[in-house]
>>> print(open('entry.cif').read())   # mmCIF, C-alpha atoms and all ligand atoms
data_input
#
loop_
_atom_site.label_atom_id
_atom_site.label_comp_id
_atom_site.auth_asym_id
_atom_site.auth_seq_id
_atom_site.Cartn_x
_atom_site.Cartn_y
_atom_site.Cartn_z
CA MET N 1 126.26 -7.27 33.16
CA SER N 2 123.66 -8.32 35.67
CA TYR N 3 120.25 -9.93 35.39
CA ALA N 4 117.40 -9.24 37.77
CA LEU N 5 115.43 -12.25 38.98
CA PRO N 6 112.04 -12.54 37.37
CA ASP N 7 109.44 -10.72 39.45
CA SER N 8 106.21 -12.46 40.36
CA ALA N 9 103.68 -12.20 37.55
CA PRO N 10 100.00 -11.30 38.04
CA GLY N 11 97.39 -13.95 37.16
CA PHE N 12 95.28 -13.94 34.00
CA ASP N 13 92.29 -12.94 36.11
CA GLN N 14 93.93 -9.47 35.94
CA PRO N 15 94.64 -9.25 32.20
CA ILE N 16 95.51 -5.54 32.19
CA ALA N 17 98.07 -6.16 34.94
CA VAL N 18 99.49 -9.03 32.83
CA LEU N 19 99.87 -6.68 29.86
CA LYS N 20 101.65 -4.14 32.10
CA HIS N 21 103.88 -6.93 33.40
CA CYS N 22 104.79 -7.78 29.77
CA HIS N 23 105.73 -4.12 29.29
CA ASP N 24 108.01 -4.27 32.31
CA ARG N 25 109.70 -7.33 30.88
CA ILE N 26 110.10 -5.59 27.53
CA ARG N 27 111.71 -2.65 29.38
CA LYS N 28 114.18 -5.06 31.02
CA GLN N 29 115.06 -6.64 27.68
CA LEU N 30 115.55 -3.20 26.13
CA ALA N 31 117.90 -2.25 28.99
CA THR N 32 119.86 -5.47 28.42
CA LEU N 33 120.08 -4.67 24.71
CA GLU N 34 121.37 -1.17 25.46
CA LYS N 35 123.96 -2.47 27.95
CA LEU N 36 125.15 -4.94 25.35
CA LEU N 37 126.44 -2.09 23.14
CA PRO N 38 129.26 -0.91 25.49
CA HIS N 39 129.83 -4.46 26.73
CA LEU N 40 130.54 -5.70 23.20
CA ALA N 41 132.84 -2.75 22.59
CA SER N 42 134.97 -3.59 25.62
CA HIS N 43 134.64 -7.39 25.93
CA GLY N 44 133.56 -8.63 22.51
CA ALA N 45 131.08 -11.51 22.23
CA ASP N 46 132.12 -13.16 25.50
CA GLU N 47 129.98 -15.69 27.34
CA GLU N 48 128.06 -12.95 29.17
CA ALA N 49 127.26 -11.17 25.90
CA ARG N 50 126.22 -14.44 24.25
CA GLN N 51 123.87 -15.20 27.14
CA ALA N 52 122.36 -11.72 27.00
CA ALA N 53 121.84 -12.00 23.25
CA ARG N 54 120.11 -15.36 23.69
CA ALA N 55 117.79 -13.95 26.39
CA VAL N 56 116.81 -10.96 24.26
CA ILE N 57 116.22 -13.17 21.20
CA LYS N 58 114.07 -15.55 23.21
CA TYR N 59 111.90 -12.76 24.56
CA PHE N 60 111.34 -10.84 21.35
CA ASP N 61 110.93 -13.99 19.24
CA GLN N 62 108.43 -15.68 21.53
CA ALA N 63 106.79 -13.48 24.17
CA ALA N 64 106.58 -10.10 22.42
CA PRO N 65 104.55 -11.41 19.41
CA LEU N 66 102.02 -12.97 21.81
CA HIS N 67 101.75 -9.64 23.59
CA HIS N 68 101.07 -7.83 20.29
CA GLU N 69 98.44 -10.46 19.42
CA ASP N 70 96.76 -9.95 22.81
CA GLU N 71 96.38 -6.29 21.97
CA GLU N 72 95.46 -6.62 18.31
CA GLN N 73 93.13 -9.59 18.50
CA ASN N 74 91.48 -9.11 21.89
CA LEU N 75 92.11 -5.89 23.77
CA VAL N 76 91.63 -3.44 20.89
CA PRO N 77 88.54 -5.15 19.34
CA MET N 78 86.96 -5.34 22.81
CA LEU N 79 87.64 -1.65 23.36
CA HIS N 80 86.23 -0.80 19.93
CA SER N 81 83.03 -2.65 20.71
CA THR N 82 82.65 -1.07 24.14
CA ALA N 83 83.87 2.52 23.82
CA SER N 84 81.62 5.35 22.74
CA GLY N 85 81.81 9.14 22.51
CA ALA N 86 85.16 10.64 23.51
CA ASP N 87 86.61 7.17 24.24
CA ALA N 88 85.72 5.93 20.74
CA ALA N 89 87.20 9.11 19.26
CA LEU N 90 90.44 8.63 21.22
CA LEU N 91 90.66 5.01 20.04
CA ALA N 92 90.15 6.07 16.44
CA GLU N 93 93.02 8.51 16.88
CA LEU N 94 95.44 6.17 18.68
CA VAL N 95 94.84 2.65 17.39
CA PRO N 96 96.03 3.04 13.76
CA GLY N 97 99.37 4.42 15.06
CA ILE N 98 99.70 1.65 17.63
CA LEU N 99 99.11 -1.06 15.02
CA ASP N 100 101.49 0.62 12.60
CA GLU N 101 104.20 0.74 15.27
CA HIS N 102 103.75 -2.98 15.91
CA ARG N 103 104.61 -3.56 12.23
CA GLN N 104 107.56 -1.16 12.37
CA MET N 105 108.95 -2.68 15.57
CA ASP N 106 108.62 -6.15 14.05
CA GLY N 107 110.65 -4.90 11.08
CA ILE N 108 113.47 -3.45 13.22
CA TRP N 109 113.45 -6.63 15.30
CA GLN N 110 114.15 -8.72 12.19
CA ASP N 111 117.36 -6.72 11.66
CA LEU N 112 118.36 -6.91 15.32
CA HIS N 113 117.59 -10.61 15.41
CA GLU N 114 120.21 -11.31 12.72
CA GLN N 115 122.86 -9.33 14.59
CA LEU N 116 122.05 -10.91 17.97
CA ARG N 117 122.01 -14.42 16.46
CA ALA N 118 125.59 -13.92 15.28
CA ILE N 119 126.56 -12.64 18.75
CA ALA N 120 124.77 -15.53 20.51
CA ASP N 121 126.66 -17.97 18.24
CA GLY N 122 129.93 -16.18 18.99
CA ALA N 123 130.31 -15.52 15.25
CA ALA N 124 130.36 -11.71 15.49
CA ALA N 125 130.41 -8.90 18.03
CA VAL N 126 128.61 -6.24 16.05
CA LEU N 127 125.37 -4.63 17.17
CA ARG N 128 124.26 -1.49 15.32
CA ALA N 129 123.64 1.29 17.87
CA HIS N 130 121.21 2.99 15.52
CA ASP N 131 118.93 -0.09 15.38
CA VAL N 132 119.05 -0.55 19.16
CA GLN N 133 118.24 3.10 19.83
CA ARG N 134 115.35 3.21 17.34
CA PHE N 135 113.90 -0.03 18.64
CA ALA N 136 114.14 1.01 22.30
CA ALA N 137 112.82 4.54 21.73
CA MET N 138 109.86 3.36 19.68
CA TYR N 139 108.93 0.63 22.17
CA ARG N 140 109.21 3.00 25.16
CA SER N 141 107.00 5.72 23.73
CA HIS N 142 104.58 3.08 22.43
CA MET N 143 104.23 1.46 25.86
CA GLU N 144 103.86 4.84 27.52
CA ARG N 145 100.93 5.67 25.22
CA GLU N 146 99.29 2.33 25.88
CA GLU N 147 99.74 2.66 29.63
CA GLY N 148 98.59 6.28 29.62
CA HIS N 149 95.45 5.85 27.52
CA ILE N 150 94.55 2.31 26.47
CA ALA N 151 95.00 0.43 29.75
CA PRO N 152 93.13 3.02 31.89
CA MET N 153 90.28 3.03 29.35
CA ALA N 154 90.01 -0.77 29.45
CA LYS N 155 90.04 -0.73 33.26
CA ARG N 156 87.32 1.89 33.31
CA LEU N 157 85.06 0.40 30.62
CA PHE N 158 85.37 -3.37 30.82
CA SER N 159 82.90 -5.34 32.88
CA ALA N 160 84.06 -8.24 35.04
CA ALA N 161 82.85 -10.63 32.30
CA GLN N 162 84.89 -8.79 29.66
CA MET N 163 88.00 -8.86 31.87
CA ALA N 164 87.49 -12.59 32.36
CA ALA N 165 87.09 -13.14 28.60
CA LEU N 166 90.22 -11.10 27.87
CA GLY N 167 92.25 -13.03 30.44
CA GLN N 168 90.99 -16.33 29.09
CA ALA N 169 91.88 -15.43 25.50
CA MET N 170 95.39 -14.42 26.58
CA GLN N 171 95.78 -17.63 28.54
CA GLN N 172 94.63 -19.75 25.60
CA ARG N 173 97.10 -17.95 23.33
CA ARG N 174 99.87 -19.21 25.60
CA GLY N 175 98.47 -22.74 25.63
CA ILE N 176 97.75 -22.67 29.34
CA ALA N 177 93.97 -22.93 29.24
CA PRO N 178 91.51 -25.35 27.72
CA SER N 179 91.44 -24.72 23.99
CA ALA N 180 88.58 -22.78 22.46
CA ALA N 181 85.68 -24.55 20.78
CA PRO N 182 86.58 -25.51 17.20
CA ALA N 183 85.65 -22.96 14.57
CA PRO N 184 82.49 -23.82 12.63
CA ALA N 185 83.04 -25.37 9.22
CA ALA N 186 83.03 -22.97 6.29
CA ALA N 187 79.53 -22.32 5.04
CA THR N 188 79.64 -22.63 1.29
CA GLY N 189 77.34 -23.96 -1.40
CA ASP N 190 74.97 -26.69 -0.21
CA ALA N 191 76.45 -26.45 3.26
CA VAL N 192 74.62 -23.16 3.79
CA ALA N 193 71.24 -24.82 3.38
CA SER N 194 72.11 -27.51 5.88
CA LEU N 195 73.39 -25.11 8.52
CA ARG N 196 71.02 -25.52 11.39
CA LYS N 197 71.41 -23.86 14.74
CA ASP N 198 68.98 -24.44 17.51
CA TYR N 199 68.52 -21.48 19.84
CA GLY N 200 68.10 -22.08 23.49
CA GLN N 201 70.10 -19.55 25.51
CA ALA N 202 67.21 -17.58 26.95
CA SER N 203 63.51 -16.90 26.83
CA LEU N 204 61.36 -13.79 26.73
CA SER N 205 57.97 -13.57 28.31
CA GLU N 206 55.39 -10.82 28.63
CA THR N 207 56.27 -10.51 32.29
CA ASP N 208 60.05 -10.30 31.63
CA VAL N 209 59.87 -7.23 29.47
CA ALA N 210 59.60 -3.62 30.62
CA ASP N 211 56.43 -1.57 30.07
CA ASP N 212 58.44 0.95 28.08
CA PRO N 213 60.17 -0.39 24.95
CA PHE N 214 63.05 2.10 25.39
CA VAL N 215 63.74 0.65 28.83
CA GLN N 216 63.62 -2.82 27.28
CA PHE N 217 65.94 -1.73 24.44
CA THR N 218 68.37 -0.24 26.96
CA THR N 219 68.43 -3.50 28.94
CA TRP N 220 69.13 -5.58 25.84
CA PHE N 221 71.70 -3.11 24.50
CA GLU N 222 73.58 -3.20 27.79
CA GLU N 223 73.45 -6.99 27.77
CA ALA N 224 74.83 -6.98 24.22
CA LEU N 225 77.72 -4.79 25.39
CA LYS N 226 78.42 -7.04 28.34
CA ALA N 227 78.30 -10.14 26.14
CA GLN N 228 80.82 -8.46 23.79
CA VAL N 229 78.56 -8.99 20.85
CA ASN N 230 80.36 -8.20 17.61
CA GLU N 231 79.55 -4.58 16.64
CA PRO N 232 76.49 -4.27 18.93
CA ASN N 233 75.89 -0.74 17.64
CA ALA N 234 75.68 -1.81 13.98
CA MET N 235 72.13 -1.80 12.64
CA SER N 236 70.52 -2.20 9.27
CA VAL N 237 68.48 0.77 8.01
CA ALA N 238 65.89 -0.02 5.36
CA THR N 239 64.40 2.73 3.24
CA VAL N 240 62.32 2.75 0.05
CA ASP N 241 62.68 4.56 -3.24
CA GLU N 242 59.95 6.49 -5.05
CA GLN N 243 58.50 3.28 -6.49
CA GLY N 244 58.35 1.71 -3.03
CA ARG N 245 61.30 -0.60 -3.75
CA PRO N 246 63.24 -1.29 -0.53
CA THR N 247 67.00 -1.05 0.01
CA SER N 248 69.03 -1.47 3.19
CA ARG N 249 72.49 -0.83 4.55
CA ILE N 250 74.37 -0.96 7.87
CA VAL N 251 75.02 2.19 9.92
CA LEU N 252 76.16 2.73 13.51
CA ILE N 253 73.67 3.88 16.10
CA LYS N 254 75.13 6.85 17.96
CA GLN N 255 72.37 7.69 20.39
CA PHE N 256 69.04 6.39 21.63
CA ASP N 257 66.59 7.87 24.07
CA PRO N 258 62.79 8.17 24.28
CA ARG N 259 62.90 10.51 21.27
CA GLY N 260 64.26 7.77 19.04
CA PHE N 261 67.30 6.05 17.51
CA THR N 262 69.96 8.24 15.92
CA TRP N 263 72.71 7.69 13.35
CA TYR N 264 74.78 10.10 11.29
CA THR N 265 75.22 10.25 7.57
CA ASN N 266 75.22 12.34 4.43
CA TYR N 267 71.80 13.87 3.73
CA HIS N 268 72.50 13.73 -0.03
CA SER N 269 73.32 10.00 0.02
CA GLN N 270 70.90 7.46 -1.43
CA LYS N 271 69.33 6.89 2.01
CA GLY N 272 69.26 10.64 2.64
CA ARG N 273 67.41 11.32 -0.61
CA GLN N 274 65.01 8.43 -0.06
CA LEU N 275 64.22 9.56 3.48
CA ALA N 276 63.60 13.12 2.29
CA ALA N 277 60.97 11.74 -0.12
CA ASN N 278 59.55 9.09 2.21
CA PRO N 279 60.49 9.26 5.91
CA HIS N 280 59.29 5.73 6.75
CA ALA N 281 62.19 3.45 7.65
CA ALA N 282 62.98 0.23 9.48
CA LEU N 283 65.95 -0.56 11.70
CA LEU N 284 67.23 -4.02 12.52
CA PHE N 285 69.70 -5.23 15.12
CA PHE N 286 70.81 -8.87 15.07
CA TRP N 287 72.93 -9.96 18.02
CA THR N 288 73.73 -13.49 17.06
CA GLU N 289 75.73 -14.29 20.20
CA LEU N 290 72.59 -13.64 22.27
CA GLU N 291 70.17 -15.12 19.71
CA ARG N 292 68.34 -11.80 19.65
CA GLN N 293 66.84 -9.57 17.00
CA ILE N 294 65.20 -6.16 17.44
CA ARG N 295 63.03 -4.65 14.68
CA ILE N 296 62.16 -0.97 14.91
CA GLU N 297 59.85 0.84 12.51
CA GLY N 298 58.76 4.44 12.33
CA LYS N 299 59.34 7.80 10.73
CA VAL N 300 62.69 9.51 10.45
CA GLU N 301 63.46 13.16 11.22
CA ARG N 302 66.71 15.11 11.13
CA THR N 303 68.47 15.80 14.41
CA SER N 304 68.86 19.48 15.34
CA GLU N 305 71.77 21.47 13.91
CA GLU N 306 73.22 21.65 17.43
CA GLU N 307 73.12 17.88 17.89
CA SER N 308 74.71 17.29 14.50
CA ASP N 309 77.40 19.91 15.23
CA LYS N 310 78.13 18.38 18.61
CA TYR N 311 78.55 14.88 17.19
CA PHE N 312 80.47 16.06 14.11
CA HIS N 313 83.01 17.91 16.27
CA SER N 314 83.44 14.90 18.57
CA ARG N 315 84.71 12.82 15.64
CA PRO N 316 88.42 12.33 14.87
CA LEU N 317 89.78 14.89 12.39
CA LYS N 318 90.21 12.36 9.59
CA SER N 319 86.60 11.23 9.86
CA ARG N 320 85.42 14.84 9.74
CA LEU N 321 87.51 15.49 6.64
CA ALA N 322 86.26 12.25 5.07
CA ALA N 323 82.66 13.34 5.68
CA ILE N 324 83.38 16.56 3.76
CA ALA N 325 85.37 14.85 1.02
CA SER N 326 82.83 12.12 0.26
CA ALA N 327 79.79 12.87 -1.89
CA GLN N 328 78.36 9.68 -0.41
CA SER N 329 76.66 7.31 -2.87
CA GLU N 330 77.86 9.26 -5.96
CA PRO N 331 80.11 7.47 -8.47
CA ILE N 332 83.79 8.49 -8.77
CA ALA N 333 86.41 7.46 -11.35
CA ASN N 334 88.78 5.60 -9.01
CA ARG N 335 90.36 5.48 -5.53
CA ASP N 336 93.10 7.95 -6.52
CA ALA N 337 90.52 10.58 -7.41
CA LEU N 338 88.85 10.02 -4.04
CA GLU N 339 92.13 10.36 -2.14
CA GLN N 340 93.18 13.44 -4.09
CA HIS N 341 89.88 15.03 -3.23
CA TYR N 342 90.43 14.17 0.46
CA GLU N 343 93.91 15.76 0.35
CA ALA N 344 92.48 18.91 -1.22
CA VAL N 345 89.82 19.08 1.49
CA ALA N 346 92.45 18.53 4.21
CA ARG N 347 94.57 21.37 2.77
CA GLN N 348 91.57 23.66 2.50
CA PHE N 349 90.13 23.12 5.99
CA GLY N 350 93.16 22.21 8.17
CA GLU N 351 92.49 21.25 11.77
CA GLU N 352 88.99 22.67 12.24
CA PRO N 353 86.79 21.64 9.34
CA PRO N 354 83.20 22.88 9.63
CA ARG N 355 80.28 20.43 9.49
CA PRO N 356 78.89 20.48 5.97
CA ASP N 357 75.19 21.38 5.73
CA ASN N 358 74.52 18.07 4.01
CA TRP N 359 75.92 15.96 6.86
CA GLY N 360 74.10 15.26 10.11
CA GLY N 361 71.90 12.97 12.12
CA PHE N 362 68.72 11.09 11.35
CA ARG N 363 66.52 10.02 14.23
CA LEU N 364 63.99 7.27 13.75
CA VAL N 365 60.98 7.95 15.94
CA PRO N 366 59.53 4.49 16.55
CA GLU N 367 55.94 3.39 16.14
CA ARG N 368 56.63 -0.33 16.46
CA ILE N 369 59.43 -2.20 18.25
CA GLU N 370 59.72 -5.96 18.27
CA PHE N 371 62.02 -7.98 20.53
CA TRP N 372 62.82 -11.49 19.26
CA GLN N 373 64.51 -14.14 21.33
CA GLY N 374 65.53 -17.39 19.61
CA ARG N 375 64.09 -20.54 21.21
CA ARG N 376 64.46 -24.24 20.62
CA SER N 377 63.02 -25.87 17.48
CA ARG N 378 62.14 -22.54 15.87
CA PHE N 379 59.48 -21.88 18.53
CA HIS N 380 60.81 -18.40 19.19
CA ASP N 381 59.59 -15.65 21.51
CA ARG N 382 58.39 -12.40 19.95
CA ILE N 383 57.10 -9.45 21.93
CA VAL N 384 55.99 -6.40 19.98
CA TYR N 385 55.22 -2.88 21.25
CA THR N 386 52.91 -0.71 19.17
CA LEU N 387 52.51 3.03 19.76
CA GLN N 388 48.95 4.20 20.43
CA SER N 389 47.47 7.58 19.49
CA ASP N 390 47.63 8.70 23.15
CA GLY N 391 51.38 8.04 23.27
CA SER N 392 51.15 4.82 25.27
CA TRP N 393 52.53 1.48 24.08
CA VAL N 394 50.56 -1.75 23.72
CA ARG N 395 52.47 -5.00 24.15
CA GLU N 396 51.57 -8.27 22.42
CA ARG N 397 53.10 -11.68 21.84
CA LEU N 398 53.39 -12.73 18.20
CA GLN N 399 53.57 -16.29 16.96
CA PRO N 400 57.05 -17.33 15.89
C1 LIG N 501 79.71 -1.61 10.20
C2 LIG N 501 79.29 -0.49 9.28
C3 LIG N 501 79.01 0.75 9.82
C4 LIG N 501 78.61 1.81 9.00
N1 LIG N 501 78.27 2.98 9.58
C5 LIG N 501 77.80 3.98 8.80
C6 LIG N 501 77.28 5.18 9.39
O1 LIG N 501 77.21 5.32 10.63
N2 LIG N 501 76.85 6.16 8.55
C7 LIG N 501 76.87 6.03 7.19
O2 LIG N 501 76.47 6.96 6.48
N3 LIG N 501 77.32 4.90 6.61
C8 LIG N 501 77.77 3.86 7.37
N4 LIG N 501 78.21 2.70 6.80
C9 LIG N 501 78.18 2.60 5.32
C10 LIG N 501 76.75 2.27 4.85
O3 LIG N 501 76.50 0.88 5.02
C11 LIG N 501 76.53 2.66 3.39
O4 LIG N 501 77.50 2.06 2.57
C12 LIG N 501 76.57 4.17 3.17
O5 LIG N 501 75.89 4.88 4.20
C13 LIG N 501 75.90 4.52 1.84
O6 LIG N 501 74.59 4.05 1.82
P1 LIG N 501 73.48 4.66 0.81
O7 LIG N 501 74.16 4.76 -0.53
O8 LIG N 501 72.38 3.69 0.81
O9 LIG N 501 73.07 6.00 1.33
C14 LIG N 501 78.57 1.62 7.59
C15 LIG N 501 78.85 0.37 7.04
C16 LIG N 501 79.20 -0.67 7.88
C17 LIG N 501 79.44 -2.02 7.29
#
>>> encode(input="entry.cif", output="structure tokens", more="lines below")
Ligand SMILES: Cc1cc2nc3c(=O)[nH]c(=O)nc-3n(C[C@H](O)[C@H](O)[C@H](O)COP(=O)(O)O)c2cc1C
Amino acid sequence: MSYALPDSAPGFDQPIAVLKHCHDRIRKQLATLEKLLPHLASHGADEEARQAARAVIKYFDQAAPLHHEDEEQNLVPMLHSTASGADAALLAELVPGILDEHRQMDGIWQDLHEQLRAIADGAAAVLRAHDVQRFAAMYRSHMEREEGHIAPMAKRLFSAAQMAALGQAMQQRRGIAPSAAPAPAAATGDAVASLRKDYGQASLSETDVADDPFVQFTTWFEEALKAQVNEPNAMSVATVDEQGRPTSRIVLIKQFDPRGFTWYTNYHSQKGRQLAANPHAALLFFWTELERQIRIEGKVERTSEEESDKYFHSRPLKSRLAAIASAQSEPIANRDALEQHYEAVARQFGEEPPRPDNWGGFRLVPERIEFWQGRRSRFHDRIVYTLQSDGSWVRERLQP
């Protein structure tokens, strides 16, 4: 058996290349594992076999778990927060399988580890071909999928700042970078009241902001994406019931343009019914990492059938089936009943479920948009745009 010399590794300033390099090393270890099968049959657990077993154990015990963590804790969440449209749909399709395979490969590795340990110790010369073949085949197809879809998407979508953040996280995981700032203490009980954060990252002045609030929103949204804000597209939607009592919930914004801010939902849900009776609503974005809040108020209208169709059909199959299967906001006996209903819907509609009439987009057409930037000592900046009857926007500063 022969061992290739380690090739030169890319630096963490190229994190996607580092991940590919890890794949290449996994491929080498898999080849060693496969060569071990005939070697053991002809030579038993000789010194060469023991060395090979030790090398494979070392790699899959130490390096491979870090590689999986890089993907699960950094790469995939960053992609989720950056991708939209077809990219987001592809992620929704691929990521659950990728994560599931990580678990399965970990499981097979536990079995292989036992066998290789005995070989490395010279205590046995048995390696089950079935385990080796399953492990190698699953890893190879898994890496191919990641290299074919995930890595190119990250290269295409990530900004230089995101690449740097990914590389730094991977470096820290390996203990070769300054450690991250300590996590904040848990906020419970009295501690919540004493939590006090002073904001001072940025400022917002009348001359900084654009004349058009949509242009300003676009600038801030893009900055939120670049800063890898957690779920930048999550916003609260507040509606009121017939007695004027407010209620709010989080939804994901799917589109914004000068016509308004769009999300998709079930028209028969609580929010859908409330908006049918009273179209006034308020949206709220809070991007804590940037110390920014955006409040948007106005009236809500339904998106066109074509827009709703287009978005519905861009969603992954399971999400489309779930939209049909869920009578959103209605009670149901238990989870089993919900899942059985989903299965029945999946059987009924197959691969091309139609958009239900009661599912589609709502667009909030704004009349007031406020941009809030946290400042030191609670002396925050607030710039509000108010729509005038001639369609123009008036801009004012509000006191904090
Ligand atoms: C991060 C996040 C994203 C969500 N996105 C949506 C969405 O886009 N559309 C939706 O109908 N519900 C979404 N939900 C669920 C809603 O918060 C809510 O539970 C659901 O719409 C029912 O609300 P309702 O009973 O007030 O109508 C999301 C929840 C979270 C936490």
>>> atom_distance(input="entry.cif", atom1="CA of Arg54 in chain N", atom2="CA of Leu116 in chain N")
7.5 Å
>>> residues_near_ligand(input="entry.cif", ligand="ligand LIG 501 (chain N)", cutoff="12 Å", atoms="all atoms listed in the file", output="ChimeraX atom specification")
/N:80-81,230-241,246-255,262-276,285,311-312,315,319,322-323,326-331,358-362
>>> closest_residue(input="entry.cif", among="N:Tyr199, N:Phe349, N:Phe261, N:Phe217", to="Val384 in chain N", atoms="all atoms listed in the file")
N:Phe217
>>> residues_around(input="entry.cif", residues="range 296-307 of chain N", least_positions_apart="2", cutoff="6 Å", atoms="only C-alpha atoms", output="PyMOL selection string")
chain N and resi 279-283+309-310+361-369
>>> closest_residue(input="entry.cif", among="N:Ala88, N:Leu338, N:Leu317, N:Ile98", to="His142 in chain N", atoms="all atoms listed in the file")
N:Ile98
>>> residues_around(input="entry.cif", residues="Ala160 in chain N", least_positions_apart="4", cutoff="12 Å", atoms="only C-alpha atoms", output="PyMOL selection string")
chain N and resi 13-15+154-156+164-167+226-228
>>> closest_residue(input="entry.cif", among="N:Glu47, N:Glu93, N:Asp212, N:Asp100", to="Ile119 in chain N", atoms="only C-alpha atoms")
N:Glu47
>>> residues_around(input="entry.cif", residues="Asp211 in chain N", least_positions_apart="4", cutoff="10 Å", atoms="all atoms listed in the file", output="number ranges by chain")
N: 206-207, 215-216, 385, 392-395
>>> residues_near_point(input="entry.cif", point="(131.1, -15.0, 18.4)", cutoff="10 Å", atoms="all atoms listed in the file", output="PyMOL selection string")
chain N and resi 44-47+49-50+116-126
>>> closest_residue(input="entry.cif", among="N:Ala17, N:Glu72, N:Pro356, N:Lys318", to="Tyr342 in chain N", atoms="all atoms listed in the file")
N:Lys318
>>> atom_distance(input="entry.cif", atom1="CA of Gln104 in chain N", atom2="CA of Met170 in chain N")
22.9 Å
>>> closest_residue(input="entry.cif", among="N:Met163, N:Ala224, N:Lys20, N:Val209", to="Glu147 in chain N", atoms="all atoms listed in the file")
N:Lys20
>>> closest_residue(input="entry.cif", among="N:His23, N:Arg128, N:Arg320, N:Arg103", to="Pro38 in chain N", atoms="all atoms listed in the file")
N:Arg128
>>> residues_around(input="entry.cif", residues="Thr32 in chain N", least_positions_apart="3", cutoff="8 Å", atoms="only C-alpha atoms", output="PDB file with C-alpha atoms, keeping the file's coordinate frame")
ATOM      1  CA  LYS N  28     114.180  -5.060  31.020  1.00  0.00           C
ATOM      2  CA  GLN N  29     115.060  -6.640  27.680  1.00  0.00           C
ATOM      3  CA  LYS N  35     123.960  -2.470  27.950  1.00  0.00           C
ATOM      4  CA  LEU N  36     125.150  -4.940  25.350  1.00  0.00           C
ATOM      5  CA  ALA N  52     122.360 -11.720  27.000  1.00  0.00           C
ATOM      6  CA  VAL N  56     116.810 -10.960  24.260  1.00  0.00           C
TER       7      VAL N  56
END
>>> residues_around(input="entry.cif", residues="His341 in chain N", least_positions_apart="2", cutoff="12 Å", atoms="only C-alpha atoms", output="PyMOL selection string")
chain N and resi 321-327+332-339+343-348
>>> atom_distance(input="entry.cif", atom1="CA of His43 in chain N", atom2="CA of Tyr139 in chain N")
27.2 Å
>>> decode(input="entry.cif", residues="range 26-53 of chain N", atoms="C-alpha atoms", output="PDB file, in the first residue's frame")
ATOM      1  CA  ILE N  26     -11.817  12.243   2.515  1.00  0.00           C
ATOM      2  CA  ARG N  27     -11.509  10.674  -0.957  1.00  0.00           C
ATOM      3  CA  LYS N  28      -7.923   9.621  -0.153  1.00  0.00           C
ATOM      4  CA  GLN N  29      -8.984   8.075   3.151  1.00  0.00           C
ATOM      5  CA  LEU N  30     -11.827   6.222   1.422  1.00  0.00           C
ATOM      6  CA  ALA N  31      -9.363   4.850  -1.154  1.00  0.00           C
ATOM      7  CA  THR N  32      -7.077   3.695   1.680  1.00  0.00           C
ATOM      8  CA  LEU N  33     -10.045   2.018   3.370  1.00  0.00           C
ATOM      9  CA  GLU N  34     -10.965   0.225   0.143  1.00  0.00           C
ATOM     10  CA  LYS N  35      -7.372  -0.934  -0.447  1.00  0.00           C
ATOM     11  CA  LEU N  36      -7.279  -2.279   3.080  1.00  0.00           C
ATOM     12  CA  LEU N  37      -9.893  -4.928   2.211  1.00  0.00           C
ATOM     13  CA  PRO N  38      -7.717  -6.970  -0.233  1.00  0.00           C
ATOM     14  CA  HIS N  39      -4.582  -6.151   1.754  1.00  0.00           C
ATOM     15  CA  LEU N  40      -6.037  -7.701   4.912  1.00  0.00           C
ATOM     16  CA  ALA N  41      -7.170 -10.740   2.946  1.00  0.00           C
ATOM     17  CA  SER N  42      -3.653 -11.406   1.670  1.00  0.00           C
ATOM     18  CA  HIS N  43      -1.409 -10.034   4.447  1.00  0.00           C
ATOM     19  CA  GLY N  44      -3.555  -9.927   7.571  1.00  0.00           C
ATOM     20  CA  ALA N  45      -3.172  -7.048  10.042  1.00  0.00           C
ATOM     21  CA  ASP N  46       0.509  -6.444   9.274  1.00  0.00           C
ATOM     22  CA  GLU N  47       2.322  -3.228  10.137  1.00  0.00           C
ATOM     23  CA  GLU N  48       1.222  -1.559   6.891  1.00  0.00           C
ATOM     24  CA  ALA N  49      -2.425  -2.415   7.558  1.00  0.00           C
ATOM     25  CA  ARG N  50      -2.160  -1.217  11.158  1.00  0.00           C
ATOM     26  CA  GLN N  51      -0.709   2.101  10.002  1.00  0.00           C
ATOM     27  CA  ALA N  52      -3.437   2.530   7.397  1.00  0.00           C
ATOM     28  CA  ALA N  53      -6.133   1.772   9.968  1.00  0.00           C
TER      29      ALA N  53
END
